[in-house]
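K.L.:
Just one file: entry10.cif, with mmCIF, C-alpha atoms and all ligand atoms.
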data_entry
loop_
_atom_site.group_PDB
_atom_site.id
_atom_site.type_symbol
_atom_site.label_atom_id
_atom_site.label_comp_id
_atom_site.auth_asym_id
_atom_site.auth_seq_id
_atom_site.Cartn_x
_atom_site.Cartn_y
_atom_site.Cartn_z
ATOM 1 C CA MET A 17 124.699 212.623 -39.629
ATOM 2 C CA PRO A 18 127.164 213.984 -36.995
ATOM 3 C CA VAL A 19 127.576 217.778 -37.038
ATOM 4 C CA PRO A 20 130.331 219.984 -35.529
ATOM 5 C CA ASP A 21 129.730 221.023 -31.921
ATOM 6 C CA HIS A 22 129.876 224.829 -31.496
ATOM 7 C CA SER A 23 127.435 224.887 -28.577
ATOM 8 C CA GLN A 24 128.269 226.925 -25.459
ATOM 9 C CA TYR A 25 127.322 225.646 -22.022
ATOM 10 C CA ILE A 26 126.581 228.641 -19.792
ATOM 11 C CA HIS A 27 126.913 227.040 -16.368
ATOM 12 C CA GLY A 28 130.508 225.804 -16.723
ATOM 13 C CA SER A 29 132.109 223.242 -14.396
ATOM 14 C CA HIS A 30 133.797 225.257 -11.629
ATOM 15 C CA PRO A 31 133.602 223.772 -8.103
ATOM 16 C CA GLU A 32 130.636 225.941 -6.949
ATOM 17 C CA GLU A 33 128.655 224.931 -10.029
ATOM 18 C CA GLN A 34 129.554 221.264 -9.481
ATOM 19 C CA ALA A 35 128.318 221.556 -5.877
ATOM 20 C CA ARG A 36 125.019 223.056 -7.114
ATOM 21 C CA LEU A 37 124.598 220.358 -9.757
ATOM 22 C CA SER A 38 125.311 217.654 -7.202
ATOM 23 C CA LEU A 39 122.632 218.973 -4.800
ATOM 24 C CA MET A 40 120.160 219.246 -7.682
ATOM 25 C CA ASN A 41 120.832 215.571 -8.454
ATOM 26 C CA GLN A 42 120.012 214.598 -4.870
ATOM 27 C CA VAL A 43 116.589 216.197 -5.108
ATOM 28 C CA MET A 44 115.722 215.335 -8.688
ATOM 29 C CA ASN A 45 117.089 211.851 -9.261
ATOM 30 C CA PRO A 46 114.393 209.840 -7.432
ATOM 31 C CA ARG A 47 111.705 211.843 -9.253
ATOM 32 C CA CYS A 48 113.397 211.352 -12.631
ATOM 33 C CA LEU A 49 113.991 207.636 -12.063
ATOM 34 C CA ALA A 50 110.269 207.196 -11.378
ATOM 35 C CA ALA A 51 109.412 208.894 -14.698
ATOM 36 C CA ILE A 52 112.018 206.910 -16.680
ATOM 37 C CA GLY A 53 110.692 203.653 -15.247
ATOM 38 C CA LEU A 54 113.475 201.123 -15.876
ATOM 39 C CA ARG A 55 112.301 197.535 -15.430
ATOM 40 C CA GLY A 56 115.680 195.839 -15.019
ATOM 41 C CA GLY A 57 118.262 194.485 -17.412
ATOM 42 C CA GLU A 58 118.470 197.608 -19.597
ATOM 43 C CA ARG A 59 121.660 198.918 -21.238
ATOM 44 C CA VAL A 60 121.394 202.663 -20.749
ATOM 45 C CA LEU A 61 123.183 205.485 -22.575
ATOM 46 C CA ASP A 62 123.249 208.757 -20.615
ATOM 47 C CA VAL A 63 124.149 211.696 -22.859
ATOM 48 C CA ALA A 64 125.774 214.741 -21.178
ATOM 49 C CA SER A 65 126.156 212.770 -17.975
ATOM 50 C CA GLY A 66 127.669 215.645 -15.978
ATOM 51 C CA LEU A 67 128.712 214.407 -12.541
ATOM 52 C CA GLY A 68 127.373 210.947 -13.325
ATOM 53 C CA GLN A 69 125.070 210.688 -10.301
ATOM 54 C CA LEU A 70 121.978 209.977 -12.364
ATOM 55 C CA THR A 71 123.976 207.673 -14.664
ATOM 56 C CA ARG A 72 124.899 205.569 -11.637
ATOM 57 C CA ALA A 73 121.351 205.662 -10.314
ATOM 58 C CA LEU A 74 120.108 204.443 -13.711
ATOM 59 C CA ARG A 75 122.702 201.662 -13.628
ATOM 60 C CA GLN A 76 121.499 200.621 -10.203
ATOM 61 C CA ALA A 77 117.854 200.694 -11.310
ATOM 62 C CA ALA A 78 118.771 198.485 -14.281
ATOM 63 C CA GLY A 79 119.880 195.797 -11.802
ATOM 64 C CA PRO A 80 122.573 193.131 -12.037
ATOM 65 C CA ASN A 81 122.012 192.453 -15.740
ATOM 66 C CA GLY A 82 121.986 196.116 -16.715
ATOM 67 C CA ALA A 83 124.751 198.460 -17.850
ATOM 68 C CA ALA A 84 125.231 202.193 -18.294
ATOM 69 C CA LEU A 85 127.531 204.388 -20.353
ATOM 70 C CA GLY A 86 127.802 208.124 -19.652
ATOM 71 C CA ILE A 87 128.975 210.537 -22.351
ATOM 72 C CA GLU A 88 130.211 213.976 -21.275
ATOM 73 C CA ARG A 89 132.117 216.689 -23.165
ATOM 74 C CA ASP A 90 133.719 218.515 -20.230
ATOM 75 C CA LEU A 91 136.856 216.928 -18.738
ATOM 76 C CA ALA A 92 136.347 218.568 -15.315
ATOM 77 C CA GLN A 93 132.847 217.055 -15.092
ATOM 78 C CA LEU A 94 134.212 213.661 -16.123
ATOM 79 C CA ALA A 95 136.976 213.806 -13.512
ATOM 80 C CA GLN A 96 134.472 214.719 -10.792
ATOM 81 C CA ALA A 97 132.089 211.980 -11.968
ATOM 82 C CA GLN A 98 134.912 209.442 -11.558
ATOM 83 C CA ALA A 99 135.849 210.880 -8.161
ATOM 84 C CA LEU A 100 132.253 210.746 -6.863
ATOM 85 C CA ALA A 101 131.825 207.194 -8.151
ATOM 86 C CA ALA A 102 135.076 206.111 -6.467
ATOM 87 C CA ALA A 103 134.102 207.850 -3.199
ATOM 88 C CA GLU A 104 130.913 205.775 -3.134
ATOM 89 C CA GLY A 105 132.739 202.556 -3.996
ATOM 90 C CA GLN A 106 131.182 202.457 -7.478
ATOM 91 C CA ALA A 107 134.255 203.193 -9.610
ATOM 92 C CA GLN A 108 133.551 200.205 -11.847
ATOM 93 C CA ALA A 109 129.769 200.490 -11.947
ATOM 94 C CA VAL A 110 129.530 202.755 -14.962
ATOM 95 C CA GLU A 111 131.766 203.658 -17.879
ATOM 96 C CA PHE A 112 132.177 207.400 -18.466
ATOM 97 C CA ARG A 113 133.489 208.426 -21.873
ATOM 98 C CA GLN A 114 134.511 211.825 -23.162
ATOM 99 C CA GLY A 115 132.739 213.151 -26.235
ATOM 100 C CA SER A 116 130.188 215.476 -27.729
ATOM 101 C CA ALA A 117 126.471 214.765 -27.748
ATOM 102 C CA LEU A 118 126.478 215.836 -31.389
ATOM 103 C CA THR A 119 129.035 213.180 -32.357
ATOM 104 C CA LEU A 120 128.488 210.391 -29.871
ATOM 105 C CA PRO A 121 131.766 208.512 -29.342
ATOM 106 C CA LEU A 122 130.283 205.036 -29.832
ATOM 107 C CA GLN A 123 131.993 202.019 -31.337
ATOM 108 C CA PRO A 124 130.382 200.627 -34.500
ATOM 109 C CA LYS A 125 128.906 197.641 -32.605
ATOM 110 C CA GLU A 126 127.354 199.969 -29.980
ATOM 111 C CA TRP A 127 125.140 201.850 -32.446
ATOM 112 C CA GLY A 128 121.630 200.428 -32.361
ATOM 113 C CA SER A 129 122.385 198.403 -29.221
ATOM 114 C CA PHE A 130 121.103 200.412 -26.217
ATOM 115 C CA ASP A 131 117.715 199.765 -24.634
ATOM 116 C CA VAL A 132 117.369 203.331 -23.370
ATOM 117 C CA ALA A 133 119.074 206.583 -24.368
ATOM 118 C CA HIS A 134 118.539 209.352 -21.845
ATOM 119 C CA THR A 135 119.497 212.995 -21.525
ATOM 120 C CA ARG A 136 118.587 215.625 -18.929
ATOM 121 C CA PHE A 137 119.209 219.382 -19.014
ATOM 122 C CA LEU A 138 121.312 219.268 -22.200
ATOM 123 C CA LEU A 139 119.055 220.208 -25.115
ATOM 124 C CA GLU A 140 118.300 223.672 -23.662
ATOM 125 C CA HIS A 141 121.993 224.485 -24.162
ATOM 126 C CA LEU A 142 122.161 223.652 -27.869
ATOM 127 C CA PRO A 143 121.316 225.935 -30.805
ATOM 128 C CA ASP A 144 120.206 222.875 -32.791
ATOM 129 C CA PRO A 145 119.067 219.981 -30.559
ATOM 130 C CA LEU A 146 117.601 217.771 -33.305
ATOM 131 C CA PRO A 147 120.931 216.160 -34.380
ATOM 132 C CA VAL A 148 121.469 215.034 -30.770
ATOM 133 C CA VAL A 149 118.047 213.398 -30.619
ATOM 134 C CA GLN A 150 118.775 211.757 -33.990
ATOM 135 C CA GLN A 151 122.055 210.381 -32.619
ATOM 136 C CA MET A 152 120.226 209.047 -29.562
ATOM 137 C CA ALA A 153 117.622 207.441 -31.827
ATOM 138 C CA ALA A 154 120.413 205.746 -33.791
ATOM 139 C CA ALA A 155 122.065 204.554 -30.568
ATOM 140 C CA VAL A 156 119.050 202.539 -29.369
ATOM 141 C CA ARG A 157 117.931 199.174 -30.754
ATOM 142 C CA PRO A 158 114.611 198.857 -32.597
ATOM 143 C CA GLY A 159 112.055 198.944 -29.772
ATOM 144 C CA GLY A 160 114.493 200.897 -27.588
ATOM 145 C CA ARG A 161 113.438 204.111 -25.860
ATOM 146 C CA VAL A 162 114.747 207.682 -26.102
ATOM 147 C CA PHE A 163 113.943 209.694 -22.967
ATOM 148 C CA LEU A 164 114.438 213.489 -22.884
ATOM 149 C CA ALA A 165 114.011 215.699 -19.804
ATOM 150 C CA ASP A 166 114.524 219.432 -19.956
ATOM 151 C CA ASP A 167 113.550 222.857 -18.736
ATOM 152 C CA ASP A 168 110.844 225.150 -19.954
ATOM 153 C CA HIS A 169 111.775 228.235 -17.987
ATOM 154 C CA GLU A 170 108.505 230.007 -18.691
ATOM 155 C CA MET A 171 106.771 227.473 -16.453
ATOM 156 C CA LEU A 172 108.497 228.631 -13.273
ATOM 157 C CA PHE A 173 106.661 230.869 -10.855
ATOM 158 C CA CYS A 174 106.842 231.749 -7.206
ATOM 159 C CA CYS A 175 103.928 232.687 -4.942
ATOM 160 C CA PRO A 176 103.832 235.211 -3.420
ATOM 161 C CA GLU A 177 106.272 236.651 -5.957
ATOM 162 C CA PRO A 178 109.530 237.844 -4.358
ATOM 163 C CA PRO A 179 110.342 241.439 -5.426
ATOM 164 C CA GLY A 180 112.556 241.625 -8.516
ATOM 165 C CA PHE A 181 112.837 237.873 -8.960
ATOM 166 C CA MET A 182 110.883 237.516 -12.194
ATOM 167 C CA ALA A 183 112.830 240.351 -13.852
ATOM 168 C CA VAL A 184 116.046 238.497 -13.010
ATOM 169 C CA TRP A 185 114.567 235.202 -14.206
ATOM 170 C CA ARG A 186 113.510 236.736 -17.527
ATOM 171 C CA ALA A 187 117.015 238.180 -17.967
ATOM 172 C CA TYR A 188 118.432 234.716 -17.253
ATOM 173 C CA CYS A 189 116.216 233.329 -20.038
ATOM 174 C CA ARG A 190 117.542 236.048 -22.367
ATOM 175 C CA THR A 191 121.096 234.756 -21.779
ATOM 176 C CA TYR A 192 120.000 231.560 -23.525
ATOM 177 C CA ASP A 193 118.525 233.100 -26.633
ATOM 178 C CA ARG A 194 121.553 235.384 -26.988
ATOM 179 C CA LEU A 195 123.567 232.187 -27.542
ATOM 180 C CA GLY A 196 120.949 230.832 -29.936
ATOM 181 C CA ASN A 197 119.755 228.355 -27.291
ATOM 182 C CA ASP A 198 116.165 227.748 -26.218
ATOM 183 C CA PRO A 199 115.136 228.361 -22.565
ATOM 184 C CA TYR A 200 111.653 226.993 -23.404
ATOM 185 C CA ILE A 201 112.809 223.740 -25.031
ATOM 186 C CA GLY A 202 110.714 221.564 -22.713
ATOM 187 C CA ARG A 203 107.520 222.053 -24.704
ATOM 188 C CA ARG A 204 109.331 221.032 -27.917
ATOM 189 C CA LEU A 205 110.514 217.612 -26.711
ATOM 190 C CA PRO A 206 107.723 215.521 -28.320
ATOM 191 C CA GLY A 207 108.212 217.414 -31.596
ATOM 192 C CA LEU A 208 111.934 216.659 -31.563
ATOM 193 C CA LEU A 209 111.288 212.956 -30.933
ATOM 194 C CA HIS A 210 108.793 212.886 -33.797
ATOM 195 C CA GLU A 211 111.238 214.626 -36.155
ATOM 196 C CA ALA A 212 113.911 212.088 -35.195
ATOM 197 C CA GLY A 213 111.612 209.266 -36.334
ATOM 198 C CA LEU A 214 110.539 207.961 -32.934
ATOM 199 C CA ALA A 215 107.051 206.594 -32.273
ATOM 200 C CA GLN A 216 104.684 205.789 -29.380
ATOM 201 C CA LEU A 217 105.376 209.193 -27.835
ATOM 202 C CA ARG A 218 104.415 210.077 -24.286
ATOM 203 C CA ASN A 219 105.116 213.220 -22.276
ATOM 204 C CA GLY A 220 104.704 214.616 -18.786
ATOM 205 C CA PHE A 221 106.106 216.733 -15.996
ATOM 206 C CA ILE A 222 108.593 215.943 -13.247
ATOM 207 C CA PHE A 223 107.878 218.311 -10.376
ATOM 208 C CA PHE A 224 110.921 220.378 -9.378
ATOM 209 C CA GLY A 225 109.042 222.695 -7.023
ATOM 210 C CA GLY A 226 107.917 222.646 -3.443
ATOM 211 C CA CYS A 227 106.754 224.863 -0.645
ATOM 212 C CA HIS A 228 108.070 226.151 2.644
ATOM 213 C CA GLY A 229 107.942 223.470 5.305
ATOM 214 C CA GLN A 230 108.891 220.621 2.969
ATOM 215 C CA PRO A 231 112.329 219.152 3.723
ATOM 216 C CA GLU A 232 113.658 219.762 0.193
ATOM 217 C CA PHE A 233 112.361 223.301 -0.244
ATOM 218 C CA ALA A 234 115.566 224.987 0.982
ATOM 219 C CA LEU A 235 117.634 222.885 -1.446
ATOM 220 C CA LEU A 236 115.340 223.753 -4.357
ATOM 221 C CA CYS A 237 115.674 227.467 -3.580
ATOM 222 C CA GLN A 238 119.448 227.162 -3.125
ATOM 223 C CA ASN A 239 119.616 225.518 -6.544
ATOM 224 C CA LEU A 240 117.761 228.390 -8.215
ATOM 225 C CA HIS A 241 119.883 230.920 -6.351
ATOM 226 C CA GLY A 242 123.045 229.069 -7.443
ATOM 227 C CA ILE A 243 121.933 229.087 -11.082
ATOM 228 C CA LEU A 244 121.418 232.853 -11.000
ATOM 229 C CA VAL A 245 124.656 233.600 -9.134
ATOM 230 C CA GLY A 246 126.539 231.391 -11.611
ATOM 231 C CA ALA A 247 125.024 233.265 -14.559
ATOM 232 C CA ARG A 248 125.622 236.688 -12.949
ATOM 233 C CA GLU A 249 127.840 238.136 -15.709
ATOM 234 C CA PRO A 250 125.678 237.143 -18.712
ATOM 235 C CA ILE A 251 122.556 238.246 -16.801
ATOM 236 C CA LEU A 252 124.054 241.686 -16.109
ATOM 237 C CA GLN A 253 125.103 241.911 -19.764
ATOM 238 C CA THR A 254 121.440 241.903 -20.759
ATOM 239 C CA PHE A 255 121.350 245.432 -19.187
ATOM 240 C CA ALA A 256 117.814 244.789 -17.946
ATOM 241 C CA PHE A 257 118.662 246.308 -14.517
ATOM 242 C CA THR A 258 121.586 247.425 -12.386
ATOM 243 C CA GLU A 259 123.972 245.243 -10.431
ATOM 244 C CA GLY A 260 122.406 246.584 -7.204
ATOM 245 C CA TYR A 261 118.947 245.512 -8.368
ATOM 246 C CA PHE A 262 120.286 242.020 -9.151
ATOM 247 C CA GLU A 263 121.965 241.622 -5.743
ATOM 248 C CA GLN A 264 118.869 242.876 -3.905
ATOM 249 C CA ALA A 265 116.577 240.564 -5.884
ATOM 250 C CA LEU A 266 118.732 237.563 -4.901
ATOM 251 C CA ARG A 267 118.702 238.594 -1.232
ATOM 252 C CA ASP A 268 114.925 239.047 -1.377
ATOM 253 C CA PHE A 269 114.577 235.633 -2.993
ATOM 254 C CA MET A 270 116.458 233.905 -0.176
ATOM 255 C CA ALA A 271 114.409 235.823 2.432
ATOM 256 C CA TRP A 272 111.265 234.704 0.585
ATOM 257 C CA ALA A 273 112.507 231.092 0.684
ATOM 258 C CA ALA A 274 112.463 231.253 4.481
ATOM 259 C CA THR A 275 108.893 232.592 4.640
ATOM 260 C CA PRO A 276 106.001 230.298 5.626
ATOM 261 C CA GLY A 277 103.551 230.012 2.736
ATOM 262 C CA ALA A 278 106.210 230.496 0.040
ATOM 263 C CA ALA A 279 105.595 228.162 -2.906
ATOM 264 C CA LEU A 280 107.753 227.392 -5.921
ATOM 265 C CA TRP A 281 106.064 225.941 -9.010
ATOM 266 C CA TYR A 282 108.648 224.517 -11.388
ATOM 267 C CA PRO A 283 107.772 221.561 -13.593
ATOM 268 C CA ILE A 284 110.462 219.905 -15.700
ATOM 269 C CA CYS A 285 109.189 218.553 -19.013
ATOM 270 C CA TYR A 286 109.909 215.056 -20.224
ATOM 271 C CA ALA A 287 109.032 213.125 -23.337
ATOM 272 C CA GLU A 288 109.815 209.634 -24.524
ATOM 273 C CA GLY A 289 109.685 207.907 -27.879
ATOM 274 C CA VAL A 290 110.346 204.377 -29.115
ATOM 275 C CA ARG A 291 112.504 203.454 -32.113
ATOM 276 C CA PRO A 292 110.252 201.656 -34.597
ATOM 277 C CA ALA A 293 111.109 198.066 -35.433
HETATM 278 C C1 LIG A 301 123.065 220.878 -16.507
HETATM 279 S S1 LIG A 301 124.324 219.702 -16.727
HETATM 280 C C2 LIG A 301 123.361 218.211 -16.560
HETATM 281 C C3 LIG A 301 124.209 217.012 -16.275
HETATM 282 C C4 LIG A 301 123.379 215.738 -16.050
HETATM 283 N N1 LIG A 301 122.692 215.359 -17.252
HETATM 284 C C5 LIG A 301 122.409 215.925 -14.916
HETATM 285 O O1 LIG A 301 121.217 216.062 -15.192
HETATM 286 O O2 LIG A 301 122.850 215.958 -13.772
HETATM 287 C C6 LIG A 301 124.641 219.683 -18.470
HETATM 288 C C7 LIG A 301 125.880 218.884 -18.852
HETATM 289 O O3 LIG A 301 125.940 218.828 -20.267
HETATM 290 C C8 LIG A 301 127.313 218.898 -20.641
HETATM 291 N N2 LIG A 301 127.326 219.326 -22.049
HETATM 292 C C9 LIG A 301 126.997 220.537 -22.518
HETATM 293 N N3 LIG A 301 127.066 220.548 -23.861
HETATM 294 C C10 LIG A 301 127.456 219.302 -24.232
HETATM 295 C C11 LIG A 301 127.689 218.688 -25.482
HETATM 296 N N4 LIG A 301 127.535 219.378 -26.614
HETATM 297 N N5 LIG A 301 128.066 217.391 -25.522
HETATM 298 C C12 LIG A 301 128.215 216.688 -24.355
HETATM 299 N N6 LIG A 301 128.006 217.221 -23.146
HETATM 300 C C13 LIG A 301 127.627 218.517 -23.075
HETATM 301 C C14 LIG A 301 127.893 219.915 -19.670
HETATM 302 O O4 LIG A 301 129.292 219.832 -19.602
HETATM 303 C C15 LIG A 301 127.185 219.504 -18.396
HETATM 304 O O5 LIG A 301 127.925 218.538 -17.701
#
Take the structure in the file and give it back as structure tokens.
Ligand SMILES: C[S@@+](CC[C@H](N)C(=O)[O-])C[C@H]1O[C@@H](n2cnc3c(N)ncnc32)[C@H](O)[C@@H]1O
P.N.:
Amino acid sequence: MPVPDHSQYIHGSHPEEQARLSLMNQVMNPRCLAAIGLRGGERVLDVASGLGQLTRALRQAAGPNGAALGIERDLAQLAQAQALAAAEGQAQAVEFRQGSALTLPLQPKEWGSFDVAHTRFLLEHLPDPLPVVQQMAAAVRPGGRVFLADDDHEMLFCCPEPPGFMAVWRAYCRTYDRLGNDPYIGRRLPGLLHEAGLAQLRNGFIFFGGCHGQPEFALLCQNLHGILVGAREPILQTFAFTEGYFEQALRDFMAWAATPGAALWYPICYAEGVRPA
């Protein structure tokens, strides 16, 4: 049953945030595609499609007989998704549609028709994620798959630990629960699928970490830095430390990122369930 959408998305859609999200997609999409494992010919629904990069990658992985529909609430994200698709000559590859994940804007004939419903990095931003998973379950055909990927921010750690970083990270997590959202949602994904009536569950991790010397390590660290800079105001409003402490911790983090031996451990959780026949 659709419910009103009062959820607040902390990252927003300003140009710096869109640039961060776009870089994150470059690093994560091949890893996520491998976990999702499309075989070809699937009709894919991507909920909270953001800049649409993964939606287009899913469409490509589904091959010539596949299709993909991206649903996104934010008009600025939708506009940028269209612009990026056009810039890569893929304006017609995917349909992007405006709407809330809690009230999916599907036509009557589309319900129960998708082979795969996917969402990444959405459920952590919702006070009540179950109705979204229920909508995704209703969107797929019997035998269709619902694939969820999301953060569990307690699973991040850095070694050696940069000074001040974990205090800032914990304050960032507190900005979630102040909105009623769950920064540790990753571990709950199988439970949500079960509650939504899905079967044949499987779960796993998609590695979002790396270590100094790997080509993507700088991008991974820039992404984390960008998340924290973007959430500066709500983080400071937790009053866990001063502004000076916050700024110094971010500088120390970027210095750490350039240090041989630095390692970032950051698994993203995923879980998948199948709609019973
Ligand atoms: C972290 S971004 C992830 C975007 C994309 N899934 C990806 O992984 O690149 C989260 C997206 O969810 C969108 N969003 C947040 N709440 C939403 C809601 N209730 N319904 C639809 N989209 C929502 C935001 O506007 C944002 O584009």
K.L.:
Name every residue that the PyMOL selection byres (((not hetatm)) within 8 of (chain A and resi 301)) selects in this structure, writing the answer as a ChimeraX atom specification with chains first and numbers rising.
P.N.:
/A:21-25,27-29,37-38,40-41,62-70,87-90,93,115-118,135-138,141-142
K.L.:
I'd like to know which of A:Asp131, A:Asp168, A:Glu263, A:Glu140 is closest to Arg291 in chain A, using only C-alpha atoms.
P.N.:
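Looking at the shortest contact to Arg291 in chain A, the residue is A:Asp131.
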K.L.:
I'd like the interatomic distance between CA of Glu111 in chain A and CA of Ala77 in chain A, to a tenth of an Å.
P.N.:
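One can read the CA of Glu111 in chain A to CA of Ala77 in chain A distance as 15.7 Å.
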K.L.:
Counting all atoms listed in the file, which of A:Leu61, A:Ala35, A:Val245, A:Cys227 gets nearest to Leu100 in chain A?
P.N.:
A:Ala35
K.L.:
Quick one: apply the PyMOL selection byres (((chain A and resi 257) around 12) and not hetatm) to the file and drop the selected residues here as a VMD selection string.
P.N.:
chain A and resid 180 to 188 248 251 to 256 258 to 265
K.L.:
Go ahead and save the picked residues with C-alpha atoms, as an mmCIF file, in the coordinates of the input.
P.N.:
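Saved result, result-v9.cif, follows:
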data_model
loop_
_atom_site.group_PDB
_atom_site.id
_atom_site.type_symbol
_atom_site.label_atom_id
_atom_site.label_comp_id
_atom_site.auth_asym_id
_atom_site.auth_seq_id
_atom_site.Cartn_x
_atom_site.Cartn_y
_atom_site.Cartn_z
ATOM 1 C CA GLY A 180 112.556 241.625 -8.516
ATOM 2 C CA PHE A 181 112.837 237.873 -8.960
ATOM 3 C CA MET A 182 110.883 237.516 -12.194
ATOM 4 C CA ALA A 183 112.830 240.351 -13.852
ATOM 5 C CA VAL A 184 116.046 238.497 -13.010
ATOM 6 C CA TRP A 185 114.567 235.202 -14.206
ATOM 7 C CA ARG A 186 113.510 236.736 -17.527
ATOM 8 C CA ALA A 187 117.015 238.180 -17.967
ATOM 9 C CA TYR A 188 118.432 234.716 -17.253
ATOM 10 C CA ARG A 248 125.622 236.688 -12.949
ATOM 11 C CA ILE A 251 122.556 238.246 -16.801
ATOM 12 C CA LEU A 252 124.054 241.686 -16.109
ATOM 13 C CA GLN A 253 125.103 241.911 -19.764
ATOM 14 C CA THR A 254 121.440 241.903 -20.759
ATOM 15 C CA PHE A 255 121.350 245.432 -19.187
ATOM 16 C CA ALA A 256 117.814 244.789 -17.946
ATOM 17 C CA THR A 258 121.586 247.425 -12.386
ATOM 18 C CA GLU A 259 123.972 245.243 -10.431
ATOM 19 C CA GLY A 260 122.406 246.584 -7.204
ATOM 20 C CA TYR A 261 118.947 245.512 -8.368
ATOM 21 C CA PHE A 262 120.286 242.020 -9.151
ATOM 22 C CA GLU A 263 121.965 241.622 -5.743
ATOM 23 C CA GLN A 264 118.869 242.876 -3.905
ATOM 24 C CA ALA A 265 116.577 240.564 -5.884
#
K.L.:
Taking (127.5, 219.3, -38.3) in the coordinates of the supplied file, I want to know which residues reach to within 10 Å of it, counting all atoms listed in the file; could you give the answer as number ranges by chain?
P.N.:
A: 17-22, 118-119, 144, 147
K.L.:
Which neighbours of Arg204 in chain A fall inside 12 Å, counting all atoms listed in the file, when residues of the same chain fewer than 6 positions from it are skipped, and could you give them as number ranges by chain?
P.N.:
A: 139-140, 145-146, 149, 164-168, 198, 210-211, 219, 285-288
K.L.:
Within 10 Å of (126.8, 231.7, -10.7) in the file's own coordinates, which protein, DNA or RNA residues have an atom, counting only C-alpha atoms? List them as a PyMOL selection string.
P.N.:
chain A and resi 26-28+30+32-33+36+240-251
K.L.:
Please measure the separation of CA of Leu94 in chain A and CA of Gln34 in chain A, giving the value in Å to one decimal.
P.N.:
11.1 Å
K.L.:
So which one's closest to Leu120 in chain A, A:Leu235, A:Leu85, A:Ala279, A:Cys174? Using only C-alpha atoms, please.
P.N.:
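When distances to Leu120 in chain A are compared using only C-alpha atoms, the smallest one comes from A:Leu85.
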K.L.:
For a test of reading the model, state the distance in Å between CA of Ala95 in chain A and CA of Pro121 in chain A, rounded to one decimal.
P.N.:
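Straight-line distance from CA of Ala95 in chain A to CA of Pro121 in chain A works out to 17.5 Å.
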K.L.:
What residues come out when you apply the PyMOL selection byres (((chain A and resi 47-51) around 9) and not hetatm) to this file, written as a list in words?
P.N.:
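This file gives the following for the PyMOL selection byres (((chain A and resi 47-51) around 9) and not hetatm): Val43, Met44, Asn45, Pro46, Ile52, Gly53, Leu54, Leu70, Ala73, Leu74, Ala77, Ala165, Gly220, Phe221, Ile222, Phe223, Phe224 and Tyr286 of chain A.
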K.L.:
Which of these, A:His169, A:Arg218, A:Lys125, A:Arg203, has the shortest distance to Val156 in chain A once you count all atoms listed in the file?
P.N.:
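Nearest candidate to Val156 in chain A out of A:His169, A:Arg218, A:Lys125, A:Arg203: A:Lys125.
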